[in-house]
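coords.cif, holding mmCIF, C-alpha atoms:
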```cif
data_work
loop_
_atom_site.label_atom_id
_atom_site.label_comp_id
_atom_site.auth_asym_id
_atom_site.auth_seq_id
_atom_site.Cartn_x
_atom_site.Cartn_y
_atom_site.Cartn_z
CA MET A 28 14.76 3.16 -27.84
CA ALA A 29 15.91 6.70 -28.68
CA GLU A 30 12.37 7.96 -29.14
CA PRO A 31 10.42 7.62 -25.90
CA THR A 32 7.02 5.97 -26.23
CA ILE A 33 3.86 7.89 -25.49
CA GLU A 34 3.55 6.00 -22.19
CA GLN A 35 7.06 7.00 -21.21
CA ARG A 36 6.46 10.63 -22.09
CA PHE A 37 3.23 10.61 -20.12
CA LYS A 38 5.04 9.10 -17.19
CA THR A 39 7.78 11.72 -17.15
CA GLN A 40 5.68 14.75 -18.06
CA VAL A 41 2.28 14.23 -16.48
CA LEU A 42 2.52 11.72 -13.62
CA PRO A 43 4.93 13.93 -11.58
CA HIS A 44 2.16 16.52 -11.19
CA LEU A 45 0.02 14.14 -9.17
CA ASN A 46 0.23 16.25 -6.01
CA SER A 47 -0.93 19.38 -7.83
CA ALA A 48 -3.77 17.47 -9.46
CA PHE A 49 -4.86 15.93 -6.19
CA ASN A 50 -4.56 19.20 -4.29
CA LEU A 51 -6.87 20.94 -6.74
CA ALA A 52 -9.33 18.03 -6.75
CA ARG A 53 -9.23 17.90 -2.95
CA TRP A 54 -10.06 21.59 -2.58
CA LEU A 55 -12.80 21.40 -5.20
CA THR A 56 -14.51 18.26 -3.87
CA ARG A 57 -13.65 19.02 -0.24
CA ASN A 58 -13.31 15.37 0.65
CA ASP A 59 -10.73 12.68 0.17
CA PRO A 60 -12.49 9.77 -1.58
CA ASP A 61 -14.09 11.99 -4.22
CA ALA A 62 -10.82 13.84 -4.77
CA GLN A 63 -9.10 10.51 -5.41
CA ASP A 64 -11.77 9.45 -7.89
CA VAL A 65 -11.72 12.78 -9.70
CA THR A 66 -7.91 12.70 -9.88
CA GLN A 67 -7.88 9.16 -11.24
CA GLU A 68 -10.58 9.93 -13.80
CA ALA A 69 -8.70 13.07 -14.84
CA TYR A 70 -5.53 11.05 -15.36
CA LEU A 71 -7.36 8.54 -17.52
CA ARG A 72 -8.73 11.39 -19.61
CA ALA A 73 -5.32 13.05 -19.75
CA PHE A 74 -3.79 9.83 -21.00
CA LYS A 75 -6.39 9.65 -23.74
CA PHE A 76 -5.83 13.23 -24.84
CA PHE A 77 -2.07 13.20 -24.33
CA PRO A 78 -1.18 12.49 -28.00
CA GLY A 79 -2.87 15.81 -28.84
CA PHE A 80 -0.92 17.76 -26.22
CA HIS A 81 2.00 19.63 -27.73
CA GLY A 82 2.46 22.40 -25.20
CA THR A 83 5.18 22.74 -22.63
CA ASN A 84 3.10 23.40 -19.54
CA ALA A 85 1.93 19.92 -18.67
CA ARG A 86 0.92 20.93 -15.16
CA ALA A 87 -1.50 23.66 -16.30
CA TRP A 88 -2.81 21.30 -18.98
CA LEU A 89 -3.41 18.55 -16.42
CA LEU A 90 -5.08 20.95 -13.99
CA THR A 91 -7.45 22.06 -16.74
CA ILE A 92 -8.51 18.43 -17.15
CA VAL A 93 -8.82 17.94 -13.38
CA ARG A 94 -11.06 20.98 -13.17
CA ASN A 95 -13.23 19.85 -16.10
CA THR A 96 -13.48 16.36 -14.66
CA PHE A 97 -14.54 17.84 -11.37
CA TYR A 98 -17.28 19.97 -12.95
CA THR A 99 -18.67 16.98 -14.85
CA TRP A 100 -18.71 15.02 -11.63
CA HIS A 101 -20.14 17.95 -9.71
CA GLN A 102 -23.04 18.32 -12.11
CA GLN A 103 -23.84 14.63 -12.01
CA ASN A 104 -23.76 14.57 -8.25
CA ARG A 105 -25.51 17.83 -7.59
CA ASP A 106 -28.87 16.15 -6.99
CA GLN A 107 -27.48 14.09 -4.18
CA ALA A 108 -25.15 16.78 -2.97
CA SER A 109 -27.18 17.23 0.17
CA ASP A 110 -26.91 13.52 1.08
CA LEU A 111 -23.25 13.40 0.33
CA GLU A 112 -22.33 16.57 2.16
CA PHE A 113 -19.48 15.49 4.31
CA ASP A 114 -18.84 16.58 7.81
CA GLU A 115 -16.43 19.36 8.21
CA ASP A 116 -13.47 17.04 8.26
CA ILE A 117 -10.48 19.16 8.77
CA HIS A 118 -7.48 17.64 7.18
CA SER A 119 -4.76 17.12 9.72
CA LEU A 120 -1.92 19.16 8.44
CA GLU A 121 1.50 17.84 9.16
CA THR A 122 3.94 20.52 8.37
CA GLY A 123 7.64 20.03 8.85
CA GLU A 124 8.01 23.36 10.58
CA ALA A 125 5.38 22.48 13.14
CA HIS A 126 7.68 19.89 14.61
CA GLN A 127 10.50 22.33 15.07
CA ASP A 128 8.28 24.48 17.22
CA SER A 129 8.80 22.97 20.64
CA ASN A 130 6.65 25.47 22.50
CA PRO A 131 3.31 23.66 22.87
CA GLU A 132 1.37 26.88 23.22
CA ALA A 133 2.79 28.35 20.04
CA LEU A 134 2.19 25.05 18.33
CA LEU A 135 -1.42 25.01 19.41
CA ALA A 136 -1.94 28.61 18.33
CA ARG A 137 -0.44 27.91 14.95
CA ARG A 138 -2.57 24.83 14.51
CA GLU A 139 -5.71 26.71 15.45
CA ASN A 140 -4.88 29.47 13.03
CA GLN A 141 -4.19 26.92 10.32
CA GLN A 142 -7.55 25.29 10.86
CA ARG A 143 -9.30 28.63 10.84
CA VAL A 144 -7.74 29.56 7.50
CA GLN A 145 -8.52 26.11 6.15
CA ARG A 146 -12.14 26.32 7.21
CA ALA A 147 -12.50 29.79 5.71
CA LEU A 148 -11.10 28.72 2.34
CA ARG A 149 -13.21 25.57 2.40
CA SER A 150 -16.41 27.53 2.85
CA LEU A 151 -15.68 29.96 0.04
CA PRO A 152 -17.90 29.70 -3.08
CA LEU A 153 -16.41 27.48 -5.76
CA GLU A 154 -15.58 30.28 -8.23
CA PHE A 155 -13.42 32.09 -5.67
CA ARG A 156 -12.03 28.96 -4.07
CA GLU A 157 -10.64 27.58 -7.32
CA VAL A 158 -8.75 30.74 -8.33
CA LEU A 159 -7.35 31.16 -4.82
CA VAL A 160 -6.15 27.54 -4.70
CA LEU A 161 -4.52 27.92 -8.11
CA ARG A 162 -2.89 31.22 -7.13
CA GLU A 163 -1.94 30.84 -3.47
CA LEU A 164 -1.38 27.10 -3.22
CA GLU A 165 -0.25 26.20 -6.73
CA GLU A 166 1.37 29.58 -7.36
CA LEU A 167 0.23 29.82 -10.95
CA SER A 168 0.27 33.03 -12.99
CA TYR A 169 -2.88 34.90 -14.01
CA LYS A 170 -2.33 33.72 -17.54
CA GLU A 171 -2.20 30.07 -16.49
CA ILE A 172 -5.23 30.44 -14.23
CA ALA A 173 -7.17 32.19 -17.02
CA ALA A 174 -6.42 29.25 -19.32
CA ILE A 175 -7.34 26.61 -16.75
CA VAL A 176 -10.60 28.21 -15.63
CA GLY A 177 -11.45 29.51 -19.11
CA ILE A 178 -12.00 33.15 -18.13
CA PRO A 179 -10.23 36.42 -19.09
CA MET A 180 -7.26 37.50 -16.98
CA GLY A 181 -9.26 40.50 -15.76
CA THR A 182 -11.82 38.12 -14.30
CA VAL A 183 -9.07 36.11 -12.62
CA MET A 184 -7.93 39.33 -11.00
CA SER A 185 -11.37 40.42 -9.83
CA ARG A 186 -12.22 36.94 -8.50
CA LEU A 187 -8.99 36.84 -6.53
CA GLY A 188 -9.80 40.26 -5.12
CA ARG A 189 -13.32 39.30 -4.10
CA GLY A 190 -12.19 35.96 -2.72
CA ARG A 191 -9.54 37.59 -0.56
CA GLN A 192 -12.06 40.19 0.58
CA GLN A 193 -14.41 37.44 1.77
CA LEU A 194 -11.61 35.60 3.52
CA ALA A 195 -10.46 38.83 5.17
CA ALA A 196 -13.98 39.37 6.49
CA GLN A 197 -14.12 35.81 7.85
CA LEU A 198 -10.69 35.84 9.40
CA ALA A 199 -10.73 39.40 10.71
CA PRO A 200 -12.73 39.14 13.97
CA MET A 201 -10.29 36.83 15.70
CA LYS A 202 -7.18 38.19 14.16
CA GLN A 203 -6.61 40.72 16.91
CA GLU A 204 -5.64 37.92 19.27
CA ALA A 205 -2.82 36.74 17.11
CA MET B 25 -4.57 56.25 -11.47
CA ASP B 26 -7.79 57.00 -9.63
CA HIS B 27 -9.20 55.33 -6.55
CA GLU B 28 -11.52 52.89 -8.36
CA GLN B 29 -8.82 51.77 -10.77
CA THR B 30 -6.45 51.25 -7.89
CA LEU B 31 -8.89 49.03 -6.06
CA ASP B 32 -9.51 47.05 -9.26
CA LEU B 33 -5.82 46.48 -9.84
CA LEU B 34 -5.05 45.71 -6.22
CA PRO B 35 -4.99 41.91 -6.64
CA ALA B 36 -2.69 42.17 -9.63
CA TYR B 37 -0.31 44.43 -7.72
CA LEU B 38 -0.28 42.02 -4.81
CA ASP B 39 0.37 39.10 -7.17
CA GLN B 40 3.07 41.03 -9.03
CA GLU B 41 1.18 40.83 -12.27
CA LEU B 42 1.34 44.56 -13.08
CA SER B 43 3.84 46.10 -15.45
CA LEU B 44 6.52 48.31 -13.91
CA SER B 45 4.81 51.54 -14.93
CA GLU B 46 1.41 50.32 -13.70
CA ALA B 47 2.95 49.27 -10.41
CA ARG B 48 4.54 52.73 -10.01
CA ASP B 49 1.19 54.42 -10.64
CA PHE B 50 -0.45 52.08 -8.18
CA GLU B 51 2.09 52.82 -5.47
CA ARG B 52 1.72 56.55 -6.04
CA HIS B 53 -2.00 56.33 -5.29
CA LEU B 54 -1.48 53.98 -2.37
CA GLU B 55 0.80 56.50 -0.66
CA GLN B 56 -1.92 59.10 -0.55
CA CYS B 57 -5.00 56.93 0.02
CA ALA B 58 -5.47 55.43 3.49
CA ALA B 59 -8.56 53.49 2.40
CA CYS B 60 -6.65 51.69 -0.36
CA ARG B 61 -3.74 51.05 1.99
CA GLN B 62 -6.08 49.40 4.44
CA VAL B 63 -7.61 47.09 1.83
CA TYR B 64 -4.19 46.30 0.49
CA GLU B 65 -2.91 45.35 3.94
CA GLN B 66 -5.96 43.16 4.53
CA HIS B 67 -5.51 41.30 1.28
CA ARG B 68 -1.80 40.93 1.79
CA ALA B 69 -2.44 39.45 5.24
CA VAL B 70 -4.91 36.96 3.78
CA SER B 71 -2.45 35.96 1.10
CA THR B 72 0.31 35.48 3.65
CA GLN B 73 -1.98 33.46 5.90
CA LEU B 74 -2.99 31.21 3.02
CA ARG B 75 0.60 30.53 2.16
CA GLN B 76 1.76 30.04 5.71
CA ALA B 77 -1.04 27.69 6.68
CA ALA B 78 0.47 24.95 4.49
CA LEU B 79 -2.90 24.16 3.00
CA ARG B 80 -1.59 22.16 0.11
CA ILE B 81 -2.76 18.58 0.44
CA ASP B 82 -0.56 15.91 -1.09
CA ALA B 83 -1.96 12.85 -2.81
CA PRO B 84 -2.21 9.79 -0.55
CA PRO B 85 0.63 7.33 -1.21
CA ASP B 86 -1.60 4.65 -2.71
CA LEU B 87 -3.08 6.94 -5.38
CA LEU B 88 -0.13 6.81 -7.78
CA PRO B 89 -0.06 2.99 -7.99
CA ARG B 90 -3.84 3.00 -8.32
CA ILE B 91 -3.67 5.40 -11.28
CA GLU B 92 -0.77 3.57 -12.86
CA ALA B 93 -2.71 0.33 -12.68
CA ALA B 94 -5.76 1.96 -14.23
CA LEU B 95 -3.90 3.45 -17.18
CA PRO B 96 -4.30 1.38 -20.32
CA GLY B 97 -1.42 -0.70 -21.59
CA ARG B 98 0.43 -0.84 -18.34
CA PRO B 99 2.11 -3.97 -17.07
CA ALA B 100 1.20 -5.76 -13.87
CA SER B 101 -2.37 -5.72 -15.02
CA ARG B 102 -4.57 -8.23 -16.76
CA GLU B 103 -2.48 -8.15 -19.90
CA ALA B 104 0.71 -9.27 -18.23
CA LEU B 105 -1.15 -11.95 -16.38
CA ASN B 106 -2.75 -13.26 -19.52
CA GLN B 107 0.60 -13.32 -21.24
CA ARG B 108 2.14 -15.23 -18.38
CA LEU B 109 -0.71 -17.67 -18.44
CA GLN B 110 -0.41 -18.18 -22.17
CA ARG B 111 3.33 -18.74 -21.93
CA TRP B 112 2.70 -21.21 -19.19
CA LEU B 113 0.03 -23.03 -21.16
CA GLY B 114 2.29 -22.92 -24.19
CA SER B 115 5.06 -24.64 -22.33
CA ILE B 116 2.76 -27.41 -21.20
CA LEU B 117 0.78 -27.95 -24.38
CA PRO B 118 3.10 -28.92 -27.23
CA ALA B 119 2.94 -26.88 -30.39
CA ARG B 120 0.72 -28.26 -33.18
CA SER B 121 3.62 -28.54 -35.61
CA THR B 122 5.43 -31.11 -33.52
CA GLY B 123 3.00 -33.78 -34.60
CA TRP B 124 1.16 -36.36 -32.60
CA SER B 125 3.86 -38.51 -31.08
CA PRO B 126 2.89 -40.90 -28.29
CA LEU B 127 4.98 -38.87 -25.92
CA SER B 128 3.22 -35.63 -26.67
CA ALA B 129 -0.11 -37.43 -26.49
CA VAL B 130 0.77 -38.49 -22.98
CA ALA B 131 1.87 -34.95 -22.23
CA VAL B 132 -1.41 -33.60 -23.53
CA SER B 133 -3.55 -36.00 -21.56
CA LEU B 134 -1.53 -35.27 -18.45
CA ALA B 135 -1.94 -31.59 -19.03
CA VAL B 136 -5.64 -31.98 -19.64
CA LEU B 137 -5.98 -34.05 -16.50
CA GLY B 138 -4.09 -31.48 -14.55
CA LEU B 139 -6.02 -28.61 -15.95
CA SER B 140 -9.47 -30.12 -15.98
CA VAL B 141 -9.96 -28.91 -12.44
CA ASN B 142 -9.08 -25.48 -13.70
CA ILE B 143 -11.77 -23.26 -15.07
CA TYR B 144 -9.87 -22.44 -18.24
CA LEU B 145 -10.63 -25.66 -20.04
CA LYS B 146 -14.06 -26.19 -18.56
CA VAL B 147 -15.91 -23.11 -19.66
CA PRO B 148 -16.44 -21.37 -22.97
CA THR B 149 -14.19 -18.48 -23.92
CA ALA B 150 -16.58 -15.67 -23.09
CA GLU B 151 -17.04 -16.99 -19.60
CA GLN B 152 -13.32 -17.56 -19.33
CA ARG B 153 -12.70 -13.93 -20.03
CA LEU B 154 -15.43 -12.89 -17.65
CA THR B 155 -14.11 -14.91 -14.74
CA GLN B 156 -10.67 -13.53 -15.40
CA GLU B 157 -12.13 -10.05 -15.36
CA LEU B 158 -14.03 -10.79 -12.18
CA VAL B 159 -10.97 -12.02 -10.34
CA ASP B 160 -9.01 -9.00 -11.53
CA ASP B 161 -11.75 -6.64 -10.49
CA HIS B 162 -12.07 -8.31 -7.12
CA VAL B 163 -8.32 -8.06 -6.53
CA ARG B 164 -8.25 -4.47 -7.69
CA SER B 165 -11.15 -3.53 -5.42
CA LEU B 166 -9.10 -4.79 -2.48
CA GLN B 167 -5.77 -3.34 -3.58
CA SER B 168 -6.81 0.12 -4.58
CA ASN B 169 -8.90 0.74 -1.52
CA HIS B 170 -11.93 1.00 -3.72
CA LEU B 171 -14.15 -1.56 -2.14
CA PHE B 172 -17.11 0.79 -1.85
CA ASP B 173 -18.61 3.87 -3.40
CA VAL B 174 -21.29 3.86 -0.78
CA ILE B 175 -20.54 2.55 2.68
CA SER B 176 -23.54 1.39 4.55
CA THR B 177 -24.82 -1.63 6.35
CA ASP B 178 -28.35 -0.51 5.61
CA LYS B 179 -29.95 -1.90 2.48
CA HIS B 180 -32.24 1.11 2.37
CA THR B 181 -29.19 3.29 1.85
CA VAL B 182 -27.40 1.03 -0.58
CA LYS B 183 -30.35 0.31 -2.85
CA PRO B 184 -31.38 3.92 -3.58
CA TRP B 185 -27.73 4.78 -4.13
CA PHE B 186 -27.82 2.78 -7.35
CA ASN B 187 -30.80 4.75 -8.66
CA GLY B 188 -29.92 6.67 -11.77
CA LYS B 189 -26.48 5.10 -11.95
CA ILE B 190 -27.54 1.88 -13.62
CA ASP B 191 -30.53 0.89 -15.70
CA PHE B 192 -31.75 -1.85 -13.39
CA ALA B 193 -32.59 -2.24 -9.73
CA PRO B 194 -30.31 -4.84 -8.14
CA PRO B 195 -31.75 -6.78 -5.23
CA VAL B 196 -29.99 -5.54 -2.12
CA ILE B 197 -30.40 -8.02 0.68
CA ASP B 198 -29.01 -7.91 4.14
CA LEU B 199 -27.63 -11.21 5.36
CA ALA B 200 -26.25 -10.06 8.71
CA GLN B 201 -28.31 -12.66 10.56
CA GLN B 202 -26.84 -15.42 8.46
CA GLY B 203 -23.33 -14.18 9.24
CA TYR B 204 -22.75 -12.22 6.04
CA PRO B 205 -23.33 -8.54 6.86
CA LEU B 206 -23.76 -6.12 3.99
CA VAL B 207 -21.07 -3.43 4.19
CA GLY B 208 -21.57 -1.35 1.09
CA GLY B 209 -21.94 -1.12 -2.62
CA ARG B 210 -20.18 0.21 -5.64
CA LEU B 211 -20.50 0.59 -9.35
CA ASP B 212 -18.17 -1.28 -11.65
CA PHE B 213 -17.68 -1.78 -15.31
CA LEU B 214 -17.55 -5.40 -16.27
CA ASN B 215 -18.11 -7.46 -19.37
CA GLY B 216 -18.74 -4.26 -21.31
CA ARG B 217 -21.47 -2.91 -19.08
CA ALA B 218 -22.14 -1.16 -15.79
CA VAL B 219 -22.80 -3.65 -13.02
CA ALA B 220 -23.90 -3.30 -9.43
CA VAL B 221 -21.57 -4.65 -6.80
CA MET B 222 -22.76 -5.36 -3.29
CA VAL B 223 -20.01 -5.88 -0.78
CA TYR B 224 -20.56 -8.34 2.04
CA ARG B 225 -18.25 -9.70 4.66
CA TYR B 226 -17.77 -13.10 6.12
CA LYS B 227 -15.67 -12.53 9.24
CA LEU B 228 -12.67 -10.72 7.78
CA HIS B 229 -13.22 -11.88 4.21
CA PRO B 230 -14.87 -9.44 1.82
CA ILE B 231 -17.33 -10.94 -0.62
CA ASN B 232 -18.01 -9.04 -3.81
CA LEU B 233 -21.41 -9.80 -5.31
CA TYR B 234 -21.77 -8.66 -8.93
CA VAL B 235 -25.26 -8.34 -10.35
CA TRP B 236 -26.54 -7.40 -13.75
CA PRO B 237 -29.59 -8.32 -15.82
CA GLY B 238 -29.45 -11.53 -17.82
CA ASN B 239 -30.01 -15.23 -17.63
CA ASP B 240 -26.63 -16.70 -18.46
CA ALA B 241 -26.53 -19.56 -15.99
CA GLY B 242 -28.72 -22.04 -14.20
CA ALA B 243 -30.51 -21.33 -10.97
CA SER B 244 -28.20 -23.54 -8.94
CA ALA B 245 -24.89 -21.97 -8.02
CA LYS B 246 -21.74 -23.35 -9.54
CA ILE B 247 -18.78 -22.89 -7.22
CA PHE B 248 -15.22 -23.08 -8.44
CA GLU B 249 -11.80 -21.84 -7.65
CA GLN B 250 -9.50 -19.55 -9.57
CA ARG B 251 -6.18 -18.13 -8.48
CA GLY B 252 -7.00 -18.94 -4.89
CA TYR B 253 -10.36 -17.22 -4.96
CA HIS B 254 -13.72 -18.92 -4.85
CA LEU B 255 -16.35 -17.90 -7.33
CA ALA B 256 -20.01 -18.72 -7.58
CA HIS B 257 -22.24 -18.10 -10.53
CA TRP B 258 -25.99 -18.44 -10.98
CA SER B 259 -28.96 -16.65 -12.47
CA THR B 260 -32.35 -16.02 -10.99
CA GLY B 261 -35.21 -13.59 -11.50
CA GLY B 262 -33.68 -12.27 -14.69
CA MET B 263 -30.40 -11.33 -13.00
CA ASN B 264 -26.94 -12.76 -13.33
CA TYR B 265 -25.08 -13.21 -10.07
CA TRP B 266 -21.38 -13.67 -9.52
CA ALA B 267 -19.95 -13.88 -6.04
CA ILE B 268 -16.25 -13.92 -5.39
CA THR B 269 -14.26 -14.11 -2.19
CA ASP B 270 -11.06 -15.33 -0.62
CA ALA B 271 -13.11 -17.20 1.96
CA GLY B 272 -13.48 -20.97 1.58
CA ALA B 273 -15.81 -22.77 -0.82
CA GLN B 274 -18.03 -23.82 2.05
CA GLU B 275 -18.47 -20.28 3.34
CA LEU B 276 -19.22 -19.05 -0.15
CA GLY B 277 -21.71 -21.89 -0.54
CA GLY B 278 -23.43 -20.79 2.65
CA PHE B 279 -23.53 -17.23 1.37
CA THR B 280 -25.03 -18.12 -1.99
CA ALA B 281 -27.57 -20.43 -0.38
CA SER B 282 -28.77 -17.73 2.03
CA LEU B 283 -28.86 -15.17 -0.74
CA ARG B 284 -30.72 -17.41 -3.15
CA ALA B 285 -33.23 -18.32 -0.47
CA GLN B 286 -34.07 -14.60 -0.24
CA THR B 287 -34.03 -13.73 -3.92
CA GLN B 288 -36.25 -16.60 -4.93
CA SER B 289 -38.90 -15.99 -2.34
#
```

What does the file become when written as structure tokens?
Amino acid sequence: MAEPTIEQRFKTQVLPHLNSAFNLARWLTRNDPDAQDVTQEAYLRAFKFFPGFHGTNARAWLLTIVRNTFYTWHQQNRDQASDLEFDEDIHSLETGEAHQDSNPEALLARRENQQRVQRALRSLPLEFREVLVLRELEELSYKEIAAIVGIPMGTVMSRLGRGRQQLAAQLAPMKQEA
Amino acid sequence: MDHEQTLDLLPAYLDQELSLSEARDFERHLEQCAACRQVYEQHRAVSTQLRQAALRIDAPPDLLPRIEAALPGRPASREALNQRLQRWLGSILPARSTGWSPLSAVAVSLAVLGLSVNIYLKVPTAEQRLTQELVDDHVRSLQSNHLFDVISTDKHTVKPWFNGKIDFAPPVIDLAQQGYPLVGGRLDFLNGRAVAVMVYRYKLHPINLYVWPGNDAGASAKIFEQRGYHLAHWSTGGMNYWAITDAGAQELGGFTASLRAQTQS
């Protein structure tokens, strides 16, 4: 009993990163059912490869698998991508802080801003979207992002710059109101 | 640091990925360059907005149990159930070593009588395993919210959806008029191969119809019960059909009859 089994190690090291895995899959697929399938498939793959994992950063390792799983899926589904294009379903964000804000006008403004940012990120090309999600939402370092995406750190930097530039252009016109 | 270099390194400065000396150089240029300051402020605003918008989307609560159930070698799955069943059978059927006493003979015949209504002793092993797998798959499709891959009541949507996913064209038939509307389809892996699953409903009861090429059974549908579910099995037109539902045997009989009337014609 002293030595944990591979299942137990997987359970303590990899399963806790489910939210990160799902978040990445959700922003890559841009819809819920596909994100769930990609996440589940990624976990099955991760379980298979887990005996070969000897690193310490299980989250980055898992996210690499999620990303690869997504790209496999994406390639297979590209032909039907037009049929499967989902409506712009904006995820209803339930933030804890939103409830504290009792002023309905401020609440509405915040919600609108949230949706605007969400829509802008959603519409960003995949190569910029993925690095921004990993950096701004998952708060990973350039080194981790470079490993996950499989690009040099300099490319991570330039993609983040170009992604932010595009978002700035999209979000700028209405920003004066805020 | 010149202007171009500064613009290149801007993301890294913002993300605090520069070394101390690089960051100092960067700041020195920023102080004297309004254009760089403007870009920097823009990017910083975007970054702040992204973080403040709480865009991180958590996994739905049912995803973890779904993944845990799908991982190999985990309890509460088929394995555990099989073990339980074997233990249970073991406790009823006396061990071979105990000999053939009249008492155990009575026990055996009682057990056989009791179990003869059960599928386990009636069918060969391969089919036994298959029905077990079918029931498990049916239960899982209901539990894990994975009843469909394609949701549609239109057979012209469901049928093409299978194209390229499997190496056969399953007959997709709408039985809405007979009281069994088609609600969708999905792909499953069963009996070591990819199979098409058409999902129908009878009132509130989902009916999973599994189809794959083969001719394993007769043309007339056999209906039996397992773990509270009703199953029907038949083969026609070079396809194996299995239907499973929690609806009653009569309703399932009606379903298979309507379906077979359409597949045979």

> Interatomic distance between CA of Phe77 in chain A and CA of Pro89 in chain B?
Replying inline: 19.4 Å

> Is there a way to get, as a VMD selection string, all residues within 10 Å of the point (-0.6, 20.8, -7.3) in file coordinates, counting all atoms listed in the file?
Replying inline: (chain A and resid 43 to 52 86 to 87 89 to 90 160 to 161 164 to 167) or (chain B and resid 80 to 83)

Quick one: contact table of chain B to chain A, 9 Å max, nearest atom pair and distance in Å to one decimal per residue, counting all atoms listed in the file, chain and number order, as JSON lines?
```
{"residue": "B:Leu31", "atom": "CA", "partner": "A:Gly188", "partner_atom": "CA", "distance": 8.9}
{"residue": "B:Asp32", "atom": "CA", "partner": "A:Ser185", "partner_atom": "CA", "distance": 6.9}
{"residue": "B:Leu33", "atom": "CA", "partner": "A:Met184", "partner_atom": "CA", "distance": 7.5}
{"residue": "B:Leu34", "atom": "CA", "partner": "A:Gly188", "partner_atom": "CA", "distance": 7.3}
{"residue": "B:Pro35", "atom": "CA", "partner": "A:Gly188", "partner_atom": "CA", "distance": 5.3}
{"residue": "B:Ala36", "atom": "CA", "partner": "A:Met184", "partner_atom": "CA", "distance": 6.1}
{"residue": "B:Asp39", "atom": "CA", "partner": "A:Ser168", "partner_atom": "CA", "distance": 8.4}
{"residue": "B:Glu41", "atom": "CA", "partner": "A:Tyr169", "partner_atom": "CA", "distance": 7.4}
{"residue": "B:Val63", "atom": "CA", "partner": "A:Gln192", "partner_atom": "CA", "distance": 8.3}
{"residue": "B:Gln66", "atom": "CA", "partner": "A:Ala195", "partner_atom": "CA", "distance": 6.3}
{"residue": "B:His67", "atom": "CA", "partner": "A:Arg191", "partner_atom": "CA", "distance": 5.8}
{"residue": "B:Arg68", "atom": "CA", "partner": "A:Arg191", "partner_atom": "CA", "distance": 8.8}
{"residue": "B:Ala69", "atom": "CA", "partner": "A:Ala195", "partner_atom": "CA", "distance": 8.0}
{"residue": "B:Val70", "atom": "CA", "partner": "A:Ala195", "partner_atom": "CA", "distance": 6.0}
{"residue": "B:Ser71", "atom": "CA", "partner": "A:Glu163", "partner_atom": "CA", "distance": 6.9}
{"residue": "B:Thr72", "atom": "CA", "partner": "A:Glu163", "partner_atom": "CA", "distance": 8.8}
{"residue": "B:Gln73", "atom": "CA", "partner": "A:Val144", "partner_atom": "CA", "distance": 7.1}
{"residue": "B:Leu74", "atom": "CA", "partner": "A:Glu163", "partner_atom": "CA", "distance": 6.6}
{"residue": "B:Arg75", "atom": "CA", "partner": "A:Glu163", "partner_atom": "CA", "distance": 6.2}
{"residue": "B:Gln76", "atom": "CA", "partner": "A:Gln141", "partner_atom": "CA", "distance": 8.1}
{"residue": "B:Ala77", "atom": "CA", "partner": "A:Gln141", "partner_atom": "CA", "distance": 4.9}
{"residue": "B:Ala78", "atom": "CA", "partner": "A:Thr122", "partner_atom": "CA", "distance": 6.8}
{"residue": "B:Leu79", "atom": "CA", "partner": "A:Gln145", "partner_atom": "CA", "distance": 6.7}
{"residue": "B:Arg80", "atom": "CA", "partner": "A:Leu164", "partner_atom": "CA", "distance": 6.0}
{"residue": "B:Ile81", "atom": "CA", "partner": "A:Asn50", "partner_atom": "CA", "distance": 5.1}
{"residue": "B:Asp82", "atom": "CA", "partner": "A:Asn46", "partner_atom": "CA", "distance": 5.0}
{"residue": "B:Ala83", "atom": "CA", "partner": "A:Asn46", "partner_atom": "CA", "distance": 5.2}
{"residue": "B:Pro84", "atom": "CA", "partner": "A:Gln63", "partner_atom": "CA", "distance": 8.5}
{"residue": "B:Leu87", "atom": "CA", "partner": "A:Gln63", "partner_atom": "CA", "distance": 7.0}
{"residue": "B:Leu88", "atom": "CA", "partner": "A:Leu45", "partner_atom": "CA", "distance": 7.5}
{"residue": "B:Arg90", "atom": "CA", "partner": "A:Gln67", "partner_atom": "CA", "distance": 7.9}
{"residue": "B:Ile91", "atom": "CA", "partner": "A:Gln67", "partner_atom": "CA", "distance": 5.6}
{"residue": "B:Glu92", "atom": "CA", "partner": "A:Leu42", "partner_atom": "CA", "distance": 8.8}
{"residue": "B:Ala94", "atom": "CA", "partner": "A:Leu71", "partner_atom": "CA", "distance": 7.5}
{"residue": "B:Leu95", "atom": "CA", "partner": "A:Leu71", "partner_atom": "CA", "distance": 6.2}
{"residue": "B:Pro96", "atom": "CA", "partner": "A:Leu71", "partner_atom": "CA", "distance": 8.3}
{"residue": "B:Gly97", "atom": "CA", "partner": "A:Glu34", "partner_atom": "CA", "distance": 8.4}
{"residue": "B:Arg98", "atom": "CA", "partner": "A:Glu34", "partner_atom": "CA", "distance": 8.4}
{"residue": "B:Asp173", "atom": "CA", "partner": "A:Pro60", "partner_atom": "CA", "distance": 8.7}
```

>> Which residues, named as in the file, does the PyMOL selection byres ((chain B and resi 255-269) around 8) pick out? Answer as number ranges by chain.
In response: B: 158-159, 162, 229-250, 253-254, 270-272, 276-277, 280, 287-288

>> Given the point (-27.4, 8.0, -16.3) in the file's coordinates, find the residues that have an atom at most 12 Å from it, counting all atoms listed in the file, and give them as a PyMOL selection string.
In response: (chain A and resi 102-104) or (chain B and resi 186-192+218)

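Between CA of Arg149 in chain A and CA of Gln40 in chain B there is a distance of 25.2 Å.
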
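Nearest residue to Ala85 in chain A, choosing from A:Pro131, A:Asn58, A:Glu171, A:Ser150 and counting all atoms listed in the file: A:Glu171.
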